[in-house]
>>> print(open('coords_1.txt').read())   # compact mmCIF, C-alpha atoms
# COMPACT_ATOMS: atom_id res chain seq x y z
CA MET U 191 0.00 0.00 0.00
CA SER U 192 1.35 3.45 -0.92
CA LYS U 193 2.23 5.91 1.83
CA THR U 194 -0.19 8.61 2.92
CA ARG U 195 1.17 12.12 2.38
CA MET U 196 1.24 13.94 5.75
CA VAL U 197 1.21 17.72 5.36
CA MET U 198 1.75 19.89 8.46
CA ILE U 199 0.53 23.50 8.11
CA GLY U 200 1.41 25.70 11.09
CA GLY U 201 1.48 29.39 11.90
CA PHE U 202 0.25 31.71 14.60
CA LEU U 203 -3.40 32.25 15.46
CA GLY U 204 -5.26 34.18 12.78
CA ALA U 205 -2.73 33.68 9.97
CA GLY U 206 -5.34 31.94 7.79
CA LYS U 207 -4.52 28.25 8.25
CA THR U 208 -8.05 26.81 8.29
CA THR U 209 -9.20 28.83 5.28
CA LEU U 210 -6.16 27.72 3.26
CA ILE U 211 -6.53 24.09 4.37
CA ASN U 212 -10.17 24.06 3.29
CA LYS U 213 -9.16 25.45 -0.12
CA ILE U 214 -6.39 22.82 -0.47
CA ALA U 215 -8.79 20.04 0.48
CA ARG U 216 -11.41 21.14 -2.04
CA GLN U 217 -8.77 21.40 -4.78
CA LEU U 218 -7.46 17.88 -4.08
CA MET U 219 -10.97 16.44 -3.84
CA SER U 220 -11.82 17.98 -7.21
CA LYS U 221 -8.95 15.86 -8.58
CA LYS U 222 -10.51 12.72 -7.04
CA LYS U 223 -7.99 12.56 -4.20
CA LYS U 224 -9.09 11.31 -0.78
CA ILE U 225 -8.45 13.79 2.03
CA GLY U 226 -8.32 13.64 5.81
CA ILE U 227 -7.75 16.57 8.16
CA ILE U 228 -6.57 16.59 11.77
CA THR U 229 -7.25 19.74 13.80
CA ASN U 230 -5.57 20.57 17.09
CA ASP U 231 -6.20 22.83 20.06
CA GLN U 232 -5.47 23.39 23.72
CA GLY U 233 -9.20 23.06 24.39
CA GLU U 234 -12.21 21.19 22.98
CA LEU U 235 -15.18 21.73 20.65
CA LEU U 236 -13.50 23.82 17.99
CA VAL U 237 -15.03 26.20 15.48
CA ASP U 238 -12.53 24.98 12.87
CA THR U 239 -13.46 21.32 13.28
CA GLU U 240 -17.13 22.15 12.80
CA PHE U 241 -16.24 24.37 9.82
CA ILE U 242 -14.45 21.47 8.09
CA LYS U 243 -16.95 18.78 9.09
CA VAL U 244 -20.01 20.49 7.60
CA ARG U 245 -18.17 20.61 4.26
CA GLY U 246 -18.16 16.83 4.06
CA ILE U 247 -14.44 16.35 4.74
CA ASP U 248 -13.23 13.50 6.98
CA VAL U 249 -11.82 15.24 10.06
CA GLU U 250 -10.35 14.16 13.40
CA GLU U 251 -9.42 16.36 16.34
CA VAL U 252 -6.54 16.31 18.84
CA PRO U 253 -7.79 18.40 21.80
CA GLY U 254 -6.22 19.26 25.13
CA GLY U 255 -2.73 20.29 23.97
CA CYS U 256 -0.38 20.61 21.02
CA PHE U 257 0.48 17.78 18.61
CA CYS U 258 3.93 17.69 20.23
CA CYS U 259 2.46 16.93 23.66
CA ASN U 260 -0.15 14.53 22.26
CA PHE U 261 1.91 12.77 19.60
CA PRO U 262 0.34 9.32 20.25
CA LYS U 263 -3.13 10.87 19.74
CA LEU U 264 -1.97 12.43 16.46
CA ILE U 265 -0.83 9.00 15.25
CA GLU U 266 -4.02 7.32 16.52
CA ASN U 267 -6.18 9.78 14.59
CA ALA U 268 -4.05 9.50 11.45
CA GLU U 269 -4.34 5.71 11.57
CA ARG U 270 -8.10 6.00 12.11
CA LEU U 271 -8.38 8.15 8.98
CA ILE U 272 -6.32 5.59 7.06
CA GLY U 273 -8.54 2.78 8.35
CA ASN U 274 -11.72 4.64 7.45
CA THR U 275 -11.01 6.09 4.00
CA ARG U 276 -7.33 5.47 3.11
CA PRO U 277 -6.70 9.14 2.30
CA ASP U 278 -4.05 10.12 -0.20
CA PHE U 279 -3.33 13.20 1.92
CA ILE U 280 -3.71 14.01 5.60
CA ILE U 281 -3.44 17.70 6.40
CA ALA U 282 -2.56 18.37 10.03
CA GLU U 283 -3.17 21.82 11.52
CA PRO U 284 -1.27 22.34 14.79
CA VAL U 285 -2.62 24.78 17.35
CA GLY U 286 -1.60 28.33 16.45
CA SER U 287 0.60 28.84 19.52
CA CYS U 288 2.64 25.70 18.81
CA THR U 289 6.25 25.74 17.63
CA ASP U 290 9.34 23.47 17.71
CA LEU U 291 7.43 21.24 15.30
CA ILE U 292 10.49 19.96 13.42
CA ALA U 293 11.98 18.42 16.57
CA THR U 294 8.74 17.22 18.15
CA VAL U 295 6.47 16.21 15.25
CA THR U 296 7.93 16.00 11.73
CA LEU U 297 11.19 14.26 12.65
CA PRO U 298 9.41 11.72 14.92
CA LEU U 299 6.90 11.08 12.12
CA LYS U 300 9.73 10.43 9.69
CA LYS U 301 11.80 8.31 12.09
CA PHE U 302 9.11 6.16 13.71
CA TYR U 303 6.39 6.08 11.05
CA GLY U 304 8.27 6.54 7.79
CA ASP U 305 6.80 3.26 6.51
CA LYS U 306 3.26 4.71 6.69
CA PHE U 307 3.68 8.40 5.92
CA SER U 308 5.51 10.57 3.46
CA THR U 309 6.04 13.64 5.65
CA ALA U 310 6.01 16.86 3.63
CA PRO U 311 8.27 19.83 4.43
CA LEU U 312 6.92 21.90 7.32
CA ILE U 313 4.72 24.75 6.03
CA VAL U 314 4.26 27.83 8.21
CA LEU U 315 1.89 30.73 7.47
CA ILE U 316 3.08 34.24 8.28
CA ASP U 317 0.43 36.95 8.72
CA GLY U 318 1.71 39.77 6.49
CA PRO U 319 0.01 42.69 8.30
CA LYS U 320 1.16 41.33 11.67
CA LEU U 321 4.74 41.13 10.38
CA MET U 322 4.37 44.78 9.29
CA ASP U 323 3.19 45.71 12.80
CA ASN U 324 6.31 44.25 14.47
CA ALA U 325 4.39 41.35 16.00
CA PHE U 326 7.51 39.22 15.42
CA ASP U 327 9.67 41.34 17.73
CA LYS U 328 11.69 38.84 19.80
CA ASP U 329 11.70 41.19 22.78
CA THR U 330 8.04 40.29 23.36
CA LEU U 331 6.81 36.83 24.32
CA GLY U 332 4.38 36.58 21.42
CA GLY U 333 7.04 37.87 19.03
CA TYR U 334 9.51 35.27 20.27
CA LEU U 335 7.03 32.48 19.55
CA ARG U 336 6.04 33.84 16.11
CA SER U 337 9.71 34.28 15.16
CA HIS U 338 10.58 30.72 16.13
CA GLN U 339 7.73 29.45 13.97
CA ALA U 340 9.16 31.38 11.03
CA GLU U 341 12.75 30.30 11.69
CA GLU U 342 12.01 26.57 11.70
CA ALA U 343 9.74 26.54 8.64
CA GLU U 344 10.81 24.74 5.48
CA VAL U 345 8.17 26.62 3.48
CA LEU U 346 7.13 30.14 4.50
CA ILE U 347 3.80 31.41 3.18
CA LEU U 348 3.32 35.16 3.52
CA THR U 349 -0.46 35.56 3.80
CA LYS U 350 -2.93 38.44 3.28
CA THR U 351 -0.71 39.93 0.58
CA ASP U 352 -3.74 41.70 -0.95
CA LEU U 353 -3.67 44.03 2.09
CA LEU U 354 -0.08 45.15 1.42
CA GLY U 355 1.56 47.38 -1.18
CA PRO U 356 4.42 46.29 -3.49
CA GLU U 357 7.16 48.03 -1.49
CA ASP U 358 5.86 46.64 1.80
CA LEU U 359 5.82 43.14 0.32
CA LYS U 360 9.44 43.46 -0.80
CA ALA U 361 10.45 44.67 2.66
CA LEU U 362 8.63 41.80 4.37
CA GLU U 363 10.15 39.22 2.06
CA SER U 364 13.60 40.62 2.82
CA LYS U 365 12.85 40.42 6.54
CA LEU U 366 11.72 36.80 6.28
CA LYS U 367 14.78 35.86 4.22
CA LYS U 368 16.99 37.22 6.99
CA MET U 369 15.03 35.27 9.59
CA ASN U 370 15.12 32.04 7.60
CA PRO U 371 17.32 32.10 4.47
CA ASN U 372 16.81 28.39 3.72
CA ALA U 373 13.01 28.30 3.47
CA ASP U 374 11.03 28.49 0.25
CA LEU U 375 9.01 31.72 0.35
CA ILE U 376 5.57 32.09 -1.25
CA ARG U 377 3.26 35.10 -1.36
CA TYR U 378 -0.37 34.07 -0.83
CA SER U 379 -3.72 35.83 -0.88
CA ALA U 380 -6.99 34.05 -0.10
CA VAL U 381 -8.77 36.86 -1.96
CA ASN U 382 -7.12 36.54 -5.38
CA ASP U 383 -5.39 33.12 -5.01
CA GLU U 384 -1.91 34.55 -5.61
CA GLY U 385 0.59 31.79 -4.85
CA PHE U 386 -1.97 28.99 -4.46
CA ASP U 387 -0.60 26.97 -7.40
CA LYS U 388 2.89 27.11 -5.86
CA ILE U 389 1.52 25.84 -2.56
CA MET U 390 -0.27 22.96 -4.28
CA LYS U 391 2.90 22.04 -6.17
CA ILE U 392 4.78 21.56 -2.89
CA ILE U 393 1.94 19.60 -1.31
CA LYS U 394 1.66 17.22 -4.27
CA SER U 395 5.42 16.82 -4.67
CA LYS U 396 7.46 13.88 -3.39
CA SER U 397 9.77 16.07 -1.29
CA GLU U 398 9.98 15.18 2.40
CA THR U 399 10.86 17.08 5.54
CA SER U 400 14.60 17.52 5.98
CA GLY U 401 14.72 20.55 8.25
CA ALA U 402 16.88 20.83 11.34
CA PRO U 403 15.47 21.81 14.75
CA VAL U 404 15.96 25.43 15.81
CA ASP U 405 17.14 26.18 19.35
CA ILE U 406 14.31 27.26 21.62
CA ASP U 407 13.97 28.58 25.15
CA TYR U 408 11.14 26.49 26.62
CA ASP U 409 10.70 28.93 29.50
CA LYS U 410 9.92 31.75 27.05
CA TYR U 411 7.80 29.40 24.95
CA ALA U 412 5.73 28.41 27.99
CA ASP U 413 5.35 32.04 29.10
CA ALA U 414 4.24 33.05 25.58
CA GLU U 415 1.50 30.42 25.54
CA ALA U 416 0.41 31.29 29.08
CA GLU U 417 -0.10 34.96 28.09
CA LEU U 418 -3.32 34.01 26.33
CA GLY U 419 -6.65 33.11 27.79
CA TRP U 420 -8.29 30.31 25.74
CA TYR U 421 -12.09 30.32 25.72
CA ASN U 422 -14.24 27.64 24.10
CA GLY U 423 -18.01 27.70 24.48
CA VAL U 424 -21.02 26.04 22.85
CA PHE U 425 -24.51 27.56 23.07
CA LEU U 426 -27.86 26.19 21.86
CA PHE U 427 -30.94 28.17 20.85
CA ASP U 428 -34.10 27.93 18.76
CA SER U 429 -35.29 30.83 16.63
CA PRO U 430 -37.75 31.06 13.71
CA GLU U 431 -35.18 33.04 11.71
CA TYR U 432 -32.07 35.12 12.42
CA ASP U 433 -29.31 36.77 10.40
CA ALA U 434 -26.25 34.64 11.17
CA TYR U 435 -23.86 37.28 9.85
CA ASP U 436 -25.44 40.07 11.89
CA LEU U 437 -25.52 37.95 15.06
CA SER U 438 -21.86 36.87 14.76
CA MET U 439 -20.62 40.35 13.93
CA ALA U 440 -22.53 41.88 16.86
CA MET U 441 -20.84 39.45 19.24
CA LEU U 442 -17.37 39.93 17.83
CA ARG U 443 -17.74 43.73 17.85
CA ASP U 444 -18.80 43.59 21.49
CA ILE U 445 -15.77 41.43 22.39
CA ALA U 446 -13.54 43.83 20.45
CA SER U 447 -14.90 46.76 22.46
CA LYS U 448 -13.75 45.09 25.71
CA HIS U 449 -10.15 44.34 24.74
CA CYS U 450 -7.20 46.12 23.16
CA SER U 451 -6.97 45.04 19.51
CA ALA U 452 -3.31 44.01 20.00
CA ASP U 453 -4.48 41.53 22.66
CA ILE U 454 -6.97 39.74 20.37
CA ALA U 455 -4.99 36.89 18.82
CA HIS U 456 -8.13 35.29 17.38
CA ALA U 457 -11.85 35.12 18.11
CA LYS U 458 -14.13 32.92 16.03
CA ILE U 459 -17.84 32.18 15.89
CA ALA U 460 -19.50 29.36 13.98
CA LEU U 461 -23.29 29.28 13.68
CA THR U 462 -24.91 26.05 12.52
CA SER U 463 -28.58 25.37 11.79
CA GLY U 464 -30.47 23.07 9.47
CA SER U 465 -30.37 25.71 6.73
CA SER U 466 -26.96 27.31 7.13
CA HIS U 467 -23.43 27.32 8.49
CA THR U 468 -21.32 30.46 8.88
CA LYS U 469 -17.87 31.16 10.32
CA ILE U 470 -16.70 34.70 11.09
CA SER U 471 -13.38 35.66 12.68
CA LEU U 472 -11.73 38.59 14.40
CA VAL U 473 -7.94 39.06 14.51
CA GLY U 474 -6.88 42.29 16.21
CA ASN U 475 -9.32 44.74 14.65
CA GLU U 476 -9.74 42.81 11.39
CA PHE U 477 -12.99 40.92 10.72
CA SER U 478 -13.24 38.19 8.07
CA VAL U 479 -15.86 35.76 6.82
CA GLY U 480 -14.29 32.31 6.84
CA GLY U 481 -17.15 30.65 5.01
CA VAL U 482 -20.89 30.53 4.44
CA GLN U 483 -22.76 27.37 3.48
CA GLY U 484 -26.44 27.53 2.65
CA SER U 485 -28.47 30.59 3.51
CA ARG U 486 -27.16 33.59 5.41
CA PHE U 487 -30.26 33.22 7.54
CA GLY U 488 -30.44 30.49 10.16
CA ARG U 489 -33.69 28.87 11.21
CA GLY U 490 -34.88 26.60 13.98
CA GLU U 491 -32.61 24.65 16.33
CA SER U 492 -29.11 26.12 16.14
CA GLN U 493 -25.68 25.79 17.69
CA LEU U 494 -23.19 28.60 18.29
CA ASN U 495 -19.50 27.71 18.82
CA PHE U 496 -17.45 30.54 20.29
CA ASN U 497 -13.62 30.31 20.43
CA ALA U 498 -11.48 33.20 21.68
CA ARG U 499 -7.71 33.46 22.22
CA ILE U 500 -7.10 36.80 23.92
CA THR U 501 -4.40 38.13 26.24
CA SER U 502 -6.42 38.05 29.43
CA GLU U 503 -6.83 36.28 32.74
CA PRO U 504 -9.01 33.23 31.96
CA GLU U 505 -11.86 34.05 34.33
CA ALA U 506 -11.98 37.65 33.11
CA LEU U 507 -12.22 36.38 29.53
CA ARG U 508 -14.95 33.90 30.46
CA THR U 509 -16.94 36.72 32.07
CA SER U 510 -16.38 38.90 29.01
CA VAL U 511 -17.75 36.26 26.62
CA ARG U 512 -20.72 35.42 28.84
CA GLU U 513 -21.66 39.10 29.11
CA THR U 514 -21.41 39.43 25.33
CA MET U 515 -23.68 36.42 24.78
CA GLU U 516 -26.29 37.75 27.21
CA LYS U 517 -26.22 41.28 25.80
CA VAL U 518 -26.46 40.33 22.12
CA MET U 519 -28.96 37.47 22.46
CA ASN U 520 -31.22 39.43 24.81
CA SER U 521 -31.21 42.41 22.44
CA ARG U 522 -32.62 40.07 19.77
CA LYS U 523 -35.01 38.36 22.19
CA ILE U 524 -33.38 34.97 21.59
CA SER U 525 -33.34 32.52 24.50
CA TYR U 526 -30.33 30.24 24.72
CA THR U 527 -28.70 27.61 26.90
CA MET U 528 -25.01 27.05 27.54
CA LYS U 529 -23.94 23.51 26.61
CA PHE U 530 -20.20 23.90 27.25
CA ASP U 531 -18.04 26.66 28.67
CA ASP U 532 -14.30 26.45 29.41
CA CYS U 533 -11.51 29.01 29.78
CA PHE U 534 -7.88 28.51 30.81
CA SER U 535 -4.26 29.39 30.09
CA PRO U 536 -2.18 26.61 28.50
CA GLY U 537 0.29 24.72 30.66
CA ARG U 538 3.99 24.26 29.94
CA PRO U 539 4.69 22.28 26.72
CA ASN U 540 5.92 18.76 27.45
CA PRO U 541 6.68 17.00 24.14
CA THR U 542 6.32 13.23 23.78
CA HIS U 543 9.47 13.21 21.62
CA ARG U 544 12.12 15.79 20.88
CA LEU U 545 14.65 14.68 18.29
CA ILE U 546 17.66 16.91 17.66
>>> encode(input="coords_1.txt", output="structure tokens")
Amino acid sequence: MSKTRMVMIGGFLGAGKTTLINKIARQLMSKKKKIGIITNDQGELLVDTEFIKVRGIDVEEVPGGCFCCNFPKLIENAERLIGNTRPDFIIAEPVGSCTDLIATVTLPLKKFYGDKFSTAPLIVLIDGPKLMDNAFDKDTLGGYLRSHQAEEAEVLILTKTDLLGPEDLKALESKLKKMNPNADLIRYSAVNDEGFDKIMKIIKSKSETSGAPVDIDYDKYADAEAELGWYNGVFLFDSPEYDAYDLSMAMLRDIASKHCSADIAHAKIALTSGSSHTKISLVGNEFSVGGVQGSRFGRGESQLNFNARITSEPEALRTSVRETMEKVMNSRKISYTMKFDDCFSPGRPNPTHRLI
């Protein structure tokens, strides 16, 4: 039996990983290739998993910590996908605050499971506007983490290029080349598909990971992850009809009003009903529609998944989200119940393997 191609696509929260992965999956499926996706998060019940699932793609989830700290679960899920559908490609999306992936994930995959998987070069997405705003400054904890992600990448994808001018793009490319001179560098825009063919060429190639681990200070890494509060909530309601876009945007705007934009790493809302599914995101002060399936208007029994990664004490963030839910839903006279509600700061990374 031929090997399954394992493609790891990393990058910090809000860089556009899930949107790109969905586009890659649809492109491969249009060519009659079988696809599996593995999502990952510090918490449970993810917007991104729901987003992928409703599009008819076979998806598994590794919750409760990074791939590096849950490596056996990553392998278990990959083997389940192989047992279920024998995918030609498995696309794995590590949690956005995860780094040191060469040492803790791709090299262990190649060493211990090279008979089952062809492990592609590590792809890392770099948020172009964030790079412009000095979010990769190593003197900050978040900047240290983002920089390490860029430095260990074998393929760097500069995203959101449609928001940047030609001179800015040249300056950012020069900056990335200094950070990581050995990586392939691709400009990519989800709006006009610039660079998408180059990304697909790498994914479909036979090339395998050959990168070397990059030194990392695990104390700084742990502190950078612990800066963020991670909120995951699921809410249920029943309404004759509502505007899913309006409802999501009202909630995200209210959350944005309570926090400094620089502190909002990512907030996401998915609304699912029998007639529709929408996903809308907030990164800093930038809103984006991740996808709409069916009508913009939801009807009947519905589920709202709310994920937020914001620099905040966990309990303060939980209170913030709960107040937003109550304010927005009450203003629309929609009754709801809370099915799940969790908020925490991630613990210290403790990789299953670290090969150097």
>>> atom_distance(input="coords_1.txt", atom1="CA of Phe530 (chain U)", atom2="CA of Ile211 (chain U)")
26.7 Å
>>> residues_around(input="coords_1.txt", residues="Thr509 (chain U)", least_positions_apart="6", cutoff="12 Å", atoms="all atoms listed in the file", output="ChimeraX atom specification")
/U:419,421,423,445,448,502-503,515-516,531-533
>>> atom_distance(input="coords_1.txt", atom1="CA of Asp436 (chain U)", atom2="CA of Arg522 (chain U)")
10.7 Å
>>> closest_residue(input="coords_1.txt", among="U:Thr289, U:Gln339, U:Ser463, U:Asn382", to="Ala412 (chain U)", atoms="all atoms listed in the file")
U:Thr289
>>> closest_residue(input="coords_1.txt", among="U:Leu545, U:Leu348, U:Leu472, U:Met390", to="Phe302 (chain U)", atoms="all atoms listed in the file")
U:Leu545
>>> closest_residue(input="coords_1.txt", among="U:Thr294, U:Ser438, U:Ser535, U:Ser525", to="Leu418 (chain U)", atoms="only C-alpha atoms")
U:Ser535
>>> residues_around(input="coords_1.txt", residues="Lys350 (chain U)", least_positions_apart="2", cutoff="9 Å", atoms="only C-alpha atoms", output="PyMOL selection string")
chain U and resi 205-206+316-319+348+352-354+377-381
>>> closest_residue(input="coords_1.txt", among="U:Val244, U:Val237, U:Ala310, U:Ile546", to="Asn422 (chain U)", atoms="only C-alpha atoms")
U:Val237
>>> closest_residue(input="coords_1.txt", among="U:Gly255, U:Pro539, U:Gly226, U:Gly385", to="Ala414 (chain U)", atoms="all atoms listed in the file")
U:Pro539
>>> residues_around(input="coords_1.txt", residues="region 391-403 of chain U", least_positions_apart="6", cutoff="9 Å", atoms="all atoms listed in the file", output="PyMOL selection string")
chain U and resi 195+197+214+279+290-294+296-297+300+308-312+342-345+545-546
>>> residues_around(input="coords_1.txt", residues="region 453-460 of chain U", least_positions_apart="3", cutoff="10 Å", atoms="only C-alpha atoms", output="MDAnalysis selection string")
chainID U and resid 202:205 236:238 240:241 286:287 332 417:424 434:435 437:439 441:442 445:446 449:450 467:482 493:502
>>> closest_residue(input="coords_1.txt", among="U:Thr462, U:Asn230, U:Gln483, U:Thr194", to="Cys256 (chain U)", atoms="all atoms listed in the file")
U:Asn230
>>> atom_distance(input="coords_1.txt", atom1="CA of Phe427 (chain U)", atom2="CA of Thr527 (chain U)")
6.5 Å
